[in-house]
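Here is the file final-v5.txt (compact mmCIF, C-alpha atoms).
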# COMPACT_ATOMS: atom_id res chain seq x y z
CA MET A 26 180.07 149.12 94.21
CA CYS A 27 177.55 151.90 93.84
CA ASN A 28 177.24 151.11 90.13
CA LYS A 29 176.63 147.39 90.75
CA LYS A 30 173.79 147.79 93.23
CA PRO A 31 171.44 149.49 90.74
CA LYS A 32 172.16 146.74 88.24
CA LYS A 33 171.14 144.07 90.75
CA ALA A 34 168.06 146.06 91.67
CA GLN A 35 167.23 146.52 87.98
CA SER A 36 167.48 142.80 87.19
CA LEU A 37 165.46 142.00 90.34
CA GLY A 38 162.75 144.40 89.24
CA LEU A 39 162.52 142.83 85.81
CA GLY A 40 162.24 139.37 87.38
CA THR A 41 159.45 140.54 89.67
CA GLU A 42 157.52 142.01 86.75
CA LYS A 43 157.87 138.78 84.80
CA LEU A 44 156.67 136.72 87.78
CA THR A 45 153.81 139.10 88.37
CA VAL A 46 152.73 138.90 84.74
CA ALA A 47 153.03 135.11 84.80
CA TYR A 48 150.98 134.88 88.03
CA PHE A 49 148.19 137.08 86.66
CA GLY A 50 148.27 135.07 83.45
CA LEU A 51 147.73 131.82 85.35
CA GLU A 52 144.95 133.41 87.40
CA ILE A 53 143.19 134.60 84.26
CA MET A 54 143.51 131.15 82.70
CA ASN A 55 142.12 129.55 85.85
CA ASN A 56 139.17 131.93 85.90
CA VAL A 57 138.49 131.21 82.27
CA ALA A 58 138.66 127.47 82.88
CA GLU A 59 136.29 127.70 85.86
CA ARG A 60 133.86 129.96 84.04
CA PRO A 61 131.75 128.04 81.43
CA LEU A 62 131.59 129.40 77.95
CA ASN A 63 128.40 130.85 76.53
CA GLY A 64 127.96 127.88 74.24
CA ASP A 65 128.28 125.47 77.16
CA VAL A 66 125.68 127.37 79.16
CA GLU A 67 123.25 127.26 76.28
CA ASP A 68 123.89 123.54 75.78
CA ASP A 69 123.22 122.83 79.47
CA ASP A 70 120.03 124.85 79.31
CA GLU A 71 118.95 122.96 76.23
CA ASP A 72 119.66 119.63 77.95
CA ASP A 73 117.61 120.67 80.98
CA GLY A 74 114.80 121.81 78.74
CA ALA A 75 114.91 118.57 76.78
CA ASP A 76 114.10 116.66 79.97
CA LEU A 77 110.85 118.60 80.17
CA GLU A 78 109.77 118.12 76.57
CA ALA A 79 106.35 116.54 76.25
CA TRP A 80 107.30 113.95 73.65
CA GLU A 81 110.33 112.76 75.63
CA ARG A 82 108.39 112.70 78.91
CA THR A 83 105.71 110.56 77.28
CA TYR A 84 108.24 107.94 76.19
CA ALA A 85 110.01 108.03 79.56
CA GLU A 86 106.79 107.46 81.50
CA ASP A 87 105.36 104.79 79.21
CA ARG A 88 108.66 102.88 78.79
CA SER A 89 107.47 101.66 75.41
CA TRP A 90 110.87 100.16 74.58
CA GLU A 91 110.31 97.50 77.27
CA ALA A 92 107.37 96.10 75.29
CA LEU A 93 109.57 95.07 72.32
CA GLN A 94 111.39 91.84 71.62
CA GLU A 95 113.60 90.62 68.78
CA ASP A 96 112.23 87.87 66.57
CA GLU A 97 114.14 85.21 64.62
CA SER A 98 114.76 87.53 61.65
CA GLY A 99 116.25 90.25 63.86
CA LEU A 100 113.26 92.60 63.68
CA LEU A 101 111.64 94.22 66.72
CA ARG A 102 108.13 93.01 67.45
CA PRO A 103 105.73 94.04 70.26
CA ILE A 104 105.45 91.51 73.07
CA ASP A 105 102.10 89.71 73.15
CA THR A 106 101.08 90.32 76.77
CA THR A 107 97.55 89.03 76.22
CA ALA A 108 98.62 85.40 76.13
CA ILE A 109 100.76 85.88 79.24
CA TYR A 110 97.85 87.51 81.08
CA HIS A 111 95.46 84.72 80.11
CA ALA A 112 97.94 82.07 81.24
CA GLN A 113 98.39 83.78 84.60
CA TYR A 114 94.64 84.12 85.08
CA ARG A 115 93.98 80.45 84.26
CA ARG A 116 96.77 79.41 86.62
CA ARG A 117 95.20 81.50 89.40
CA LEU A 118 91.80 79.89 88.77
CA ARG A 119 93.30 76.41 88.92
CA THR A 120 94.99 77.23 92.23
CA LEU A 121 91.75 78.48 93.74
CA ALA A 122 89.85 75.45 92.46
CA ALA A 123 92.44 73.06 93.89
CA THR A 124 92.25 74.79 97.27
CA ALA A 125 88.47 74.66 97.31
CA ALA A 126 88.43 70.98 96.34
CA THR A 127 90.72 69.87 99.16
CA ALA A 128 88.81 71.51 102.00
CA ARG A 129 85.56 73.23 102.72
CA ILE A 130 86.40 76.91 103.04
CA GLN A 131 84.25 79.44 104.84
CA LYS A 132 84.41 82.94 103.40
CA GLY A 133 83.40 86.22 104.89
CA LEU A 134 80.71 87.80 102.73
CA ILE A 135 80.24 90.88 104.92
CA ARG A 136 83.62 92.58 105.08
CA TYR A 137 84.65 95.82 106.74
CA LEU A 138 87.89 96.94 105.11
CA TYR A 139 90.02 100.00 105.79
CA ILE A 140 92.52 100.96 103.08
CA VAL A 141 95.52 102.73 104.62
CA VAL A 142 97.42 104.85 102.07
CA ASP A 143 100.93 106.06 102.88
CA LEU A 144 101.24 109.69 101.73
CA SER A 145 104.55 110.45 103.41
CA LYS A 146 107.43 112.02 101.50
CA ALA A 147 108.47 108.52 100.41
CA ALA A 148 105.34 108.36 98.24
CA SER A 149 106.75 111.11 96.02
CA GLU A 150 109.60 108.90 94.81
CA ARG A 151 109.66 108.37 91.04
CA ASP A 152 110.76 104.75 90.79
CA PHE A 153 107.11 104.14 89.79
CA ARG A 154 106.13 106.35 86.86
CA PRO A 155 105.15 109.12 87.26
CA SER A 156 105.34 108.66 91.07
CA ARG A 157 104.37 106.19 93.76
CA MET A 158 101.49 108.41 94.85
CA ALA A 159 100.00 108.58 91.34
CA VAL A 160 100.26 104.81 90.87
CA ILE A 161 98.65 104.14 94.26
CA ALA A 162 95.78 106.53 93.56
CA LYS A 163 95.13 104.98 90.16
CA GLN A 164 95.14 101.39 91.39
CA VAL A 165 93.12 102.16 94.55
CA GLU A 166 90.37 103.55 92.32
CA VAL A 167 90.36 100.33 90.28
CA PHE A 168 90.41 98.23 93.44
CA ILE A 169 87.48 100.03 95.08
CA ARG A 170 85.26 99.51 92.05
CA GLU A 171 86.26 95.84 91.78
CA PHE A 172 85.81 95.35 95.53
CA PHE A 173 82.21 96.56 95.54
CA ASP A 174 81.48 94.59 92.39
CA GLN A 175 82.49 91.35 94.09
CA ASN A 176 81.44 92.30 97.65
CA PRO A 177 78.17 94.25 97.40
CA LEU A 178 77.37 93.71 101.09
CA SER A 179 80.75 94.98 102.34
CA HIS A 180 81.98 98.41 103.42
CA VAL A 181 85.23 100.32 102.80
CA GLY A 182 86.92 103.22 104.59
CA LEU A 183 90.03 105.25 103.71
CA VAL A 184 92.87 106.33 106.01
CA THR A 185 95.96 108.32 105.00
CA ILE A 186 99.35 108.67 106.75
CA LYS A 187 101.50 111.79 106.51
CA ASP A 188 103.45 114.06 108.87
CA GLY A 189 103.46 111.20 111.40
CA VAL A 190 99.67 111.40 111.83
CA ALA A 191 96.86 109.16 110.53
CA HIS A 192 93.79 110.86 109.06
CA CYS A 193 90.43 109.20 108.32
CA ILE A 194 89.18 110.76 105.09
CA THR A 195 86.12 108.51 104.68
CA GLU A 196 84.26 106.35 107.16
CA LEU A 197 82.98 102.88 106.40
CA GLY A 198 80.47 103.06 103.57
CA GLY A 199 79.20 101.37 100.44
CA SER A 200 79.53 104.18 97.89
CA PRO A 201 82.62 103.80 95.65
CA GLU A 202 82.30 107.29 94.17
CA SER A 203 82.45 109.04 97.55
CA HIS A 204 85.63 107.16 98.49
CA ILE A 205 87.32 107.86 95.15
CA ASN A 206 86.47 111.57 95.18
CA ALA A 207 87.69 111.96 98.75
CA LEU A 208 91.00 110.27 97.97
CA MET A 209 91.65 112.32 94.84
CA GLY A 210 91.24 115.51 96.86
CA LYS A 211 93.87 114.53 99.46
CA LEU A 212 96.84 113.58 97.26
CA GLU A 213 99.64 115.53 98.96
CA CYS A 214 102.89 114.00 100.24
CA SER A 215 104.72 115.32 103.30
CA GLY A 216 106.50 114.20 106.45
CA ASP A 217 107.11 110.72 107.78
CA ALA A 218 104.86 107.68 108.07
CA SER A 219 103.59 106.29 111.37
CA LEU A 220 102.37 102.71 111.20
CA GLN A 221 101.32 102.65 114.85
CA ASN A 222 99.08 105.72 114.56
CA ALA A 223 97.38 104.19 111.50
CA LEU A 224 96.76 100.88 113.28
CA GLU A 225 95.43 102.63 116.39
CA LEU A 226 92.99 104.66 114.29
CA VAL A 227 91.78 101.61 112.35
CA LEU A 228 91.55 99.64 115.58
CA GLY A 229 89.26 102.23 117.14
CA TYR A 230 86.85 102.13 114.18
CA LEU A 231 86.79 98.36 113.63
CA ASN A 232 86.22 97.56 117.30
CA GLN A 233 82.66 98.87 116.84
CA ILE A 234 81.91 96.34 114.08
CA PRO A 235 79.50 93.46 115.00
CA SER A 236 80.92 90.00 115.48
CA TYR A 237 79.54 88.68 112.18
CA GLY A 238 81.57 91.22 110.19
CA HIS A 239 85.07 90.36 109.02
CA ARG A 240 87.51 93.10 110.00
CA GLU A 241 90.35 93.79 107.59
CA ALA A 242 93.01 96.42 106.96
CA LEU A 243 94.97 96.78 103.71
CA ILE A 244 98.07 98.96 104.10
CA LEU A 245 99.80 100.41 101.01
CA TYR A 246 103.18 101.37 102.46
CA SER A 247 105.82 103.40 100.61
CA ALA A 248 108.26 104.30 103.39
CA LEU A 249 111.19 102.28 104.71
CA SER A 250 110.69 103.34 108.32
CA THR A 251 107.97 104.25 110.79
CA CYS A 252 107.93 107.13 113.29
CA ASP A 253 105.79 105.89 116.20
CA PRO A 254 104.94 107.53 119.55
CA GLY A 255 104.86 104.23 121.48
CA ASP A 256 105.44 100.49 121.31
CA LEU A 257 104.33 99.18 117.92
CA MET A 258 104.44 95.55 119.07
CA GLU A 259 101.73 96.21 121.65
CA THR A 260 99.51 97.71 118.96
CA ILE A 261 100.04 94.62 116.80
CA GLN A 262 98.91 92.42 119.67
CA LYS A 263 95.82 94.60 120.10
CA CYS A 264 94.96 94.06 116.43
CA LYS A 265 95.42 90.33 116.85
CA LYS A 266 93.18 90.32 119.93
CA SER A 267 90.50 92.33 118.09
CA LYS A 268 90.58 89.80 115.18
CA ILE A 269 91.67 92.32 112.57
CA ARG A 270 93.39 90.79 109.55
CA CYS A 271 96.13 93.18 108.43
CA SER A 272 97.77 92.87 105.01
CA VAL A 273 100.55 95.05 103.62
CA ILE A 274 101.70 95.80 100.08
CA GLY A 275 105.07 97.53 100.06
CA LEU A 276 106.33 99.78 97.29
CA ALA A 277 109.93 99.80 98.55
CA ALA A 278 112.05 97.07 100.15
CA GLU A 279 110.75 94.46 102.58
CA MET A 280 110.40 95.52 106.23
CA PHE A 281 110.51 93.17 109.20
CA VAL A 282 107.83 95.01 111.17
CA CYS A 283 105.34 94.78 108.28
CA LYS A 284 106.04 91.09 107.83
CA HIS A 285 105.63 90.52 111.58
CA LEU A 286 102.31 92.40 111.53
CA CYS A 287 100.94 90.19 108.76
CA GLN A 288 102.13 86.98 110.40
CA GLU A 289 100.55 87.85 113.73
CA THR A 290 97.17 88.92 112.33
CA GLY A 291 96.82 86.29 109.60
CA GLY A 292 97.32 88.63 106.65
CA THR A 293 99.70 88.55 103.71
CA TYR A 294 102.75 90.69 102.95
CA SER A 295 104.16 91.34 99.50
CA VAL A 296 106.36 93.89 97.73
CA ALA A 297 105.42 95.28 94.32
CA LEU A 298 108.06 95.19 91.59
CA ASP A 299 106.35 97.51 89.12
CA GLU A 300 102.94 98.99 88.37
CA SER A 301 101.50 95.87 86.72
CA HIS A 302 102.70 93.71 89.60
CA PHE A 303 101.20 96.18 92.09
CA LYS A 304 97.86 96.03 90.28
CA GLU A 305 97.90 92.23 90.37
CA LEU A 306 98.72 92.21 94.08
CA ILE A 307 96.03 94.66 95.12
CA LEU A 308 93.29 93.00 93.06
CA GLU A 309 93.94 89.72 94.87
CA TYR A 310 92.23 91.27 97.90
CA ALA A 311 88.99 91.97 96.02
CA PRO A 312 87.46 88.45 96.38
CA PRO A 313 86.59 87.49 99.96
CA PRO A 314 89.50 85.59 101.53
CA PRO A 315 89.04 82.34 103.47
CA ALA A 316 87.92 83.06 107.01
CA ILE A 317 90.30 82.22 109.84
CA ALA A 318 88.90 79.32 111.85
CA GLU A 319 89.07 81.06 115.22
CA TYR A 320 87.66 84.29 113.78
CA ALA A 321 84.71 82.78 111.91
CA THR A 322 81.43 82.70 113.83
CA ALA A 323 78.05 81.68 112.44
CA ASN A 324 75.33 84.20 113.31
CA LEU A 325 71.87 85.02 112.04
CA ILE A 326 71.70 88.57 110.70
CA LYS A 327 68.54 90.63 110.43
CA MET A 328 68.32 92.39 107.08
CA GLY A 329 65.70 94.62 105.55
CA PHE A 330 64.72 94.92 101.89
CA PRO A 331 63.50 98.52 101.50
CA GLN A 332 61.21 99.73 98.76
CA ARG A 333 62.16 102.53 96.43
CA SER A 334 60.33 105.75 97.21
CA ALA A 335 58.08 107.51 94.73
CA GLU A 336 59.69 110.10 92.49
CA GLY A 337 57.49 112.96 93.66
CA SER A 338 57.81 112.34 97.40
CA VAL A 339 59.84 114.65 99.63
CA ALA A 340 61.58 113.37 102.76
CA ILE A 341 64.63 114.04 104.91
CA CYS A 342 67.55 111.81 104.01
CA THR A 343 69.33 110.38 107.04
CA CYS A 344 72.57 110.02 105.06
CA HIS A 345 73.02 113.71 104.29
CA GLU A 346 70.53 115.10 106.88
CA GLU A 347 68.71 117.25 104.34
CA ALA A 348 65.41 117.18 102.48
CA LYS A 349 65.43 115.50 99.08
CA ALA A 350 62.70 115.07 96.51
CA GLY A 351 62.23 111.74 94.78
CA GLY A 352 64.38 108.62 94.72
CA GLY A 353 65.90 106.95 97.73
CA TYR A 354 64.70 103.97 99.75
CA THR A 355 62.44 103.64 102.79
CA CYS A 356 63.52 101.54 105.76
CA PRO A 357 60.88 98.81 106.38
CA ARG A 358 61.24 99.12 110.16
CA CYS A 359 61.42 102.82 111.03
CA LYS A 360 60.28 104.31 107.67
CA VAL A 361 63.18 106.74 107.27
CA ARG A 362 64.76 107.64 103.93
CA VAL A 363 68.21 106.49 102.78
CA CYS A 364 69.93 107.39 99.53
CA GLU A 365 71.70 104.20 98.46
CA LEU A 366 72.06 100.51 99.18
CA PRO A 367 73.59 98.61 100.86
CA THR A 368 73.78 100.60 104.06
CA GLU A 369 72.87 100.51 107.72
CA CYS A 370 69.91 102.49 108.98
CA ARG A 371 71.15 105.24 111.28
CA VAL A 372 67.93 105.23 113.29
CA CYS A 373 67.16 101.55 113.99
CA GLY A 374 70.49 99.97 112.95
CA LEU A 375 68.90 97.53 110.48
CA THR A 376 71.09 96.37 107.59
CA LEU A 377 69.41 97.45 104.35
CA ILE A 378 70.17 95.58 101.12
CA SER A 379 68.51 94.59 97.86
CA SER A 380 67.99 91.11 96.46
CA PRO A 381 70.57 91.54 93.62
CA HIS A 382 73.23 92.35 96.23
CA LEU A 383 72.45 89.16 98.11
CA ALA A 384 72.49 87.13 94.89
CA ARG A 385 75.90 88.52 93.83
CA SER A 386 77.39 87.60 97.19
CA TYR A 387 76.01 84.08 96.95
CA HIS A 388 78.28 83.01 94.09
CA HIS A 389 81.36 83.05 96.34
CA LEU A 390 79.90 80.10 98.27
CA PHE A 391 79.33 78.05 95.10
CA PRO A 392 81.86 79.16 92.48
CA VAL A 393 81.73 78.20 88.82
CA VAL A 394 83.17 74.76 88.04
CA MET A 395 86.66 74.87 86.58
CA PHE A 396 87.21 74.18 82.88
CA ASP A 397 89.44 71.27 81.88
CA GLU A 398 92.11 72.12 79.32
CA VAL A 399 92.31 69.68 76.41
CA SER A 400 94.67 69.92 73.45
CA PRO A 401 93.48 69.28 69.86
CA SER A 402 95.56 66.07 69.82
CA GLN A 403 93.04 64.57 72.26
CA ASN A 404 90.18 65.39 69.92
CA ASP A 405 90.10 61.96 68.30
CA SER A 406 87.21 59.97 66.85
CA SER A 407 86.43 58.20 70.13
CA ARG A 408 86.20 61.46 72.08
CA SER A 409 85.35 64.41 69.86
CA PHE A 410 84.58 67.91 71.05
CA PRO A 411 82.75 70.71 69.22
CA ASN A 412 84.94 73.15 67.35
CA ILE A 413 82.61 76.09 68.07
CA CYS A 414 82.74 78.16 71.27
CA PHE A 415 79.56 77.71 73.28
CA GLY A 416 79.75 81.29 74.60
CA CYS A 417 80.40 83.47 71.53
CA GLN A 418 79.58 80.91 68.79
CA GLN A 419 82.91 81.50 67.04
CA SER A 420 85.05 78.81 65.52
CA LEU A 421 87.94 77.67 67.71
CA LEU A 422 89.99 76.65 64.65
CA THR A 423 90.47 80.23 63.44
CA GLN A 424 91.78 81.88 66.59
CA GLY A 425 95.50 81.50 66.20
CA LYS A 426 97.16 80.36 69.40
CA ILE A 427 93.92 78.88 70.80
CA LEU A 428 94.50 76.04 68.34
CA CYS A 429 97.10 74.61 70.74
CA THR A 430 94.90 74.27 73.83
CA PHE A 431 91.30 75.17 74.47
CA PRO A 432 89.38 74.64 77.70
CA ILE A 433 86.31 72.38 77.82
CA LEU A 434 83.71 71.78 80.47
CA VAL A 435 81.86 68.47 80.95
CA LEU A 436 78.59 68.60 82.92
CA ASN A 437 76.23 65.59 83.18
CA LYS A 438 77.45 64.05 79.92
CA PHE A 439 77.04 67.42 78.18
CA ILE A 440 80.24 68.56 76.51
CA MET A 441 80.75 72.18 75.56
CA THR A 442 83.85 74.07 74.46
CA VAL A 443 84.74 77.69 75.19
CA ASN A 444 87.72 79.86 74.31
CA VAL A 445 89.93 81.69 76.77
CA LEU A 446 88.05 85.01 76.69
CA CYS A 447 84.69 83.37 77.36
CA GLN A 448 86.21 81.39 80.22
CA ILE A 449 87.47 84.58 81.88
CA TYR A 450 84.09 86.25 81.31
CA THR A 451 82.30 83.30 82.90
CA HIS A 452 84.41 83.30 86.07
CA ARG A 453 84.69 87.08 86.45
CA SER A 454 81.38 88.59 85.28
CA ALA A 455 78.68 86.02 84.48
CA LEU A 456 79.50 83.86 87.54
CA LYS A 457 77.42 81.01 86.16
CA VAL A 458 77.21 78.69 83.15
CA LYS A 459 74.17 79.33 81.00
CA GLN A 460 73.61 75.65 80.14
CA CYS A 461 73.46 74.77 83.86
Mind turning this structure into structure tokens?
Amino acid sequence: MCNKKPKKAQSLGLGTEKLTVAYFGLEIMNNVAERPLNGDVEDDDEDDGADLEAWERTYAEDRSWEALQEDESGLLRPIDTTAIYHAQYRRRLRTLAATAATARIQKGLIRYLYIVVDLSKAASERDFRPSRMAVIAKQVEVFIREFFDQNPLSHVGLVTIKDGVAHCITELGGSPESHINALMGKLECSGDASLQNALELVLGYLNQIPSYGHREALILYSALSTCDPGDLMETIQKCKKSKIRCSVIGLAAEMFVCKHLCQETGGTYSVALDESHFKELILEYAPPPPAIAEYATANLIKMGFPQRSAEGSVAICTCHEEAKAGGGYTCPRCKVRVCELPTECRVCGLTLISSPHLARSYHHLFPVVMFDEVSPSQNDSSRSFPNICFGCQQSLLTQGKILCTFPILVLNKFIMTVNVLCQIYTHRSALKVKQC
């Protein structure tokens, strides 16, 4: 029995060593499996670095593959977006002409607009390339220039929302460069958005506007929620009572509170699908909208037409409160110096404008007559139209797709033909027909 016990202990010891070796072998294999190889680490680093390559980032941001389509032969061809843009623009002009023909619409020529830009953390999302904030800043710059081009007597102010607080970065003014420079210096995203704080701030500024001015607020909202200190519905009713038209363009999903705000104040609410759609939506607010019947009041407004000061004269500018030599304009009532027009004299309160500003605002009351589209099949012997564009003097028979349809305008038995580009130039820039 003494000889058998060591044998059992010896076999037990061998079994334990084998199990121990097997256990450590499995542990080593597990550690090796969990630990990535050197080649894998380098491949992951290369993949991460590839995402930051300039050439790949350029293609990812531009999305150039979306501008291709397959033709009948199976080859990839660029999509002709010019024809689509022209068709959309002509359709928009026809809609506006049909609305103006059915009823007499009163438009507000003197507008006071606050642009509210959402700079919360939601604006840093990258579903718009390169980010929502960058797209908003780019399109707001385009909108401000277009707004003052079509509304020279109007004023714009900028408000930003971030960290639950609304900040006024520029007061109401008529200088597009000052607004653009101020916005570009405040492009930082943080915190949550507060729609109520923004409306309360805009409400406090627009309540000081005279009754003849049309009060508007355009909100560019990126967030899907609002962090408010009080009852937002009461603030919406205050805006409605103060006759402030609020419109919202969302960059995320539709929100009930934004839609309710627009319905109560007479504004419009829309959600942008991409950057081009966002640009189209925001530029629709550049022309003066039809005035709401209960908001529109007819008043006589006193305006002054100041003379430009001599180049060598030195005077204190009331805009910047400092002495400046040369340039500027002199108020005809109180004789103080202002830098630019249009503006409001800070001493006597007189609205100061120039005659070109008044003339450019006048075209909204009497817009250019719409062109009638006629196909070449209607150009028969009994009713023939010229084949040369009246605007650019180019032949309409050598312009590719314009062969199918080209717009014509008939005025007092005078028939003239124009191509699509000249039609857009007439309604957007010239604002009148030369022959008229």
- Return the single residue from A:Leu220, A:Cys283, A:Leu325, A:Ala297 that is closest to Cys252 in chain A, with distances computed using all atoms listed in the file.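 Checking each of A:Leu220, A:Cys283, A:Leu325, A:Ala297 against Cys252 in chain A, counting all atoms listed in the file, the winner is A:Leu220.
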- Please identify all polymer residues lying at most 6 Å from the point (95.0, 94.8, 108.1) (file coordinates), using only C-alpha atoms, and present the result as a list in words.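 Residues with an atom close enough to that point: Glu241, Ala242, Leu243, Arg270, Cys271 and Ser272 of chain A.
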- Could you pull the residues within 10 Å of Leu366 in chain A, counting all atoms listed in the file, minus those fewer than 4 positions along the same chain, as a ChimeraX atom specification? /A:177-178,198-200,330-331,353-354,376-379,382
Dump as an mmCIF file, keeping the file's coordinate frame, selection limited to C-alpha atoms:
data_model
loop_
_atom_site.group_PDB
_atom_site.id
_atom_site.type_symbol
_atom_site.label_atom_id
_atom_site.label_comp_id
_atom_site.auth_asym_id
_atom_site.auth_seq_id
_atom_site.Cartn_x
_atom_site.Cartn_y
_atom_site.Cartn_z
ATOM 1 C CA PRO A 177 78.170 94.250 97.400
ATOM 2 C CA LEU A 178 77.370 93.710 101.090
ATOM 3 C CA GLY A 198 80.470 103.060 103.570
ATOM 4 C CA GLY A 199 79.200 101.370 100.440
ATOM 5 C CA SER A 200 79.530 104.180 97.890
ATOM 6 C CA PHE A 330 64.720 94.920 101.890
ATOM 7 C CA PRO A 331 63.500 98.520 101.500
ATOM 8 C CA GLY A 353 65.900 106.950 97.730
ATOM 9 C CA TYR A 354 64.700 103.970 99.750
ATOM 10 C CA THR A 376 71.090 96.370 107.590
ATOM 11 C CA LEU A 377 69.410 97.450 104.350
ATOM 12 C CA ILE A 378 70.170 95.580 101.120
ATOM 13 C CA SER A 379 68.510 94.590 97.860
ATOM 14 C CA HIS A 382 73.230 92.350 96.230
#
- For range 157-164 of chain A, work out the shell of residues within 10 Å, counting only C-alpha atoms and skipping chain neighbours fewer than 5 positions away, then give it as JSON, numbers by chain. {"A": [142, 143, 144, 145, 146, 147, 148, 149, 150, 151, 152, 169, 205, 208, 209, 212, 213, 214, 245, 246, 247, 276, 277, 299, 300, 301, 303, 304, 305, 307, 308]}
Can you write out the residues you just picked, keeping C-alpha atoms, as a PDB file, in the frame of the given file?
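Listed below is the output, out-v1.pdb:
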ATOM      1  CA  VAL A 142      97.420 104.850 102.070  1.00  0.00           C
ATOM      2  CA  ASP A 143     100.930 106.060 102.880  1.00  0.00           C
ATOM      3  CA  LEU A 144     101.240 109.690 101.730  1.00  0.00           C
ATOM      4  CA  SER A 145     104.550 110.450 103.410  1.00  0.00           C
ATOM      5  CA  LYS A 146     107.430 112.020 101.500  1.00  0.00           C
ATOM      6  CA  ALA A 147     108.470 108.520 100.410  1.00  0.00           C
ATOM      7  CA  ALA A 148     105.340 108.360  98.240  1.00  0.00           C
ATOM      8  CA  SER A 149     106.750 111.110  96.020  1.00  0.00           C
ATOM      9  CA  GLU A 150     109.600 108.900  94.810  1.00  0.00           C
ATOM     10  CA  ARG A 151     109.660 108.370  91.040  1.00  0.00           C
ATOM     11  CA  ASP A 152     110.760 104.750  90.790  1.00  0.00           C
ATOM     12  CA  ILE A 169      87.480 100.030  95.080  1.00  0.00           C
ATOM     13  CA  ILE A 205      87.320 107.860  95.150  1.00  0.00           C
ATOM     14  CA  LEU A 208      91.000 110.270  97.970  1.00  0.00           C
ATOM     15  CA  MET A 209      91.650 112.320  94.840  1.00  0.00           C
ATOM     16  CA  LEU A 212      96.840 113.580  97.260  1.00  0.00           C
ATOM     17  CA  GLU A 213      99.640 115.530  98.960  1.00  0.00           C
ATOM     18  CA  CYS A 214     102.890 114.000 100.240  1.00  0.00           C
ATOM     19  CA  LEU A 245      99.800 100.410 101.010  1.00  0.00           C
ATOM     20  CA  TYR A 246     103.180 101.370 102.460  1.00  0.00           C
ATOM     21  CA  SER A 247     105.820 103.400 100.610  1.00  0.00           C
ATOM     22  CA  LEU A 276     106.330  99.780  97.290  1.00  0.00           C
ATOM     23  CA  ALA A 277     109.930  99.800  98.550  1.00  0.00           C
ATOM     24  CA  ASP A 299     106.350  97.510  89.120  1.00  0.00           C
ATOM     25  CA  GLU A 300     102.940  98.990  88.370  1.00  0.00           C
ATOM     26  CA  SER A 301     101.500  95.870  86.720  1.00  0.00           C
ATOM     27  CA  PHE A 303     101.200  96.180  92.090  1.00  0.00           C
ATOM     28  CA  LYS A 304      97.860  96.030  90.280  1.00  0.00           C
ATOM     29  CA  GLU A 305      97.900  92.230  90.370  1.00  0.00           C
ATOM     30  CA  ILE A 307      96.030  94.660  95.120  1.00  0.00           C
ATOM     31  CA  LEU A 308      93.290  93.000  93.060  1.00  0.00           C
TER      32      LEU A 308
END
- Query: Between CA of Gly291 in chain A and CA of Ile274 in chain A, what is the distance, to one decimal in Å?
  - Reply: 14.3 Å
- Message: So, with all atoms listed in the file as the atoms that count, which of A:Gln221, A:Ser295, A:Asn412, A:Thr290 lies closest to Thr260 in chain A?
- Response: A:Gln221
- Quick one: distance from CA of Glu166 in chain A to CA of Lys284 in chain A in Å, one decimal? 25.3 Å
- Which is closer to Gln233 in chain A than all the others in A:Ser267, A:Gln418, A:Ser156, A:Thr293, using all atoms listed in the file?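 Answer, going by the shortest atom-to-atom distance: A:Ser267.
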- Got a sec: who's within 12 Å of Lys327 in chain A, counting all atoms listed in the file, leaving out chain neighbours fewer than 5 positions off, as JSON, numbers by chain? {"A": [237, 357, 358, 369, 373, 374, 375, 376, 377, 378]}
Expected residue set, 8 Å radius at (95.1, 108.0, 107.4), all atoms listed in the file, as a PDB file with C-alpha atoms, keeping the file's coordinate frame:
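What ended up in result25.pdb:
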ATOM      1  CA  VAL A 141      95.520 102.730 104.620  1.00  0.00           C
ATOM      2  CA  VAL A 142      97.420 104.850 102.070  1.00  0.00           C
ATOM      3  CA  ASP A 143     100.930 106.060 102.880  1.00  0.00           C
ATOM      4  CA  LEU A 183      90.030 105.250 103.710  1.00  0.00           C
ATOM      5  CA  VAL A 184      92.870 106.330 106.010  1.00  0.00           C
ATOM      6  CA  THR A 185      95.960 108.320 105.000  1.00  0.00           C
ATOM      7  CA  ILE A 186      99.350 108.670 106.750  1.00  0.00           C
ATOM      8  CA  LYS A 187     101.500 111.790 106.510  1.00  0.00           C
ATOM      9  CA  VAL A 190      99.670 111.400 111.830  1.00  0.00           C
ATOM     10  CA  ALA A 191      96.860 109.160 110.530  1.00  0.00           C
ATOM     11  CA  HIS A 192      93.790 110.860 109.060  1.00  0.00           C
ATOM     12  CA  CYS A 193      90.430 109.200 108.320  1.00  0.00           C
ATOM     13  CA  ILE A 194      89.180 110.760 105.090  1.00  0.00           C
ATOM     14  CA  ALA A 223      97.380 104.190 111.500  1.00  0.00           C
ATOM     15  CA  LEU A 226      92.990 104.660 114.290  1.00  0.00           C
TER      16      LEU A 226
END
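If you measure from each of A:Tyr230, A:Arg371, A:Asn222, A:Phe172 to Asp256 in chain A using only C-alpha atoms, the closest one turns out to be A:Asn222.
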- Task: Calculate how many Å separate CA of Cys356 in chain A from CA of Leu197 in chain A, rounding to one decimal.
- Result: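 CA of Leu197 in chain A lies 19.5 Å from CA of Cys356 in chain A.
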- Item | Neighbour list for Ile135 in chain A as an MDAnalysis selection string, cut-off 10 Å, all atoms listed in the file, skip fewer than 6 positions in-chain | chainID A and resid 176:180 237:240 313 386
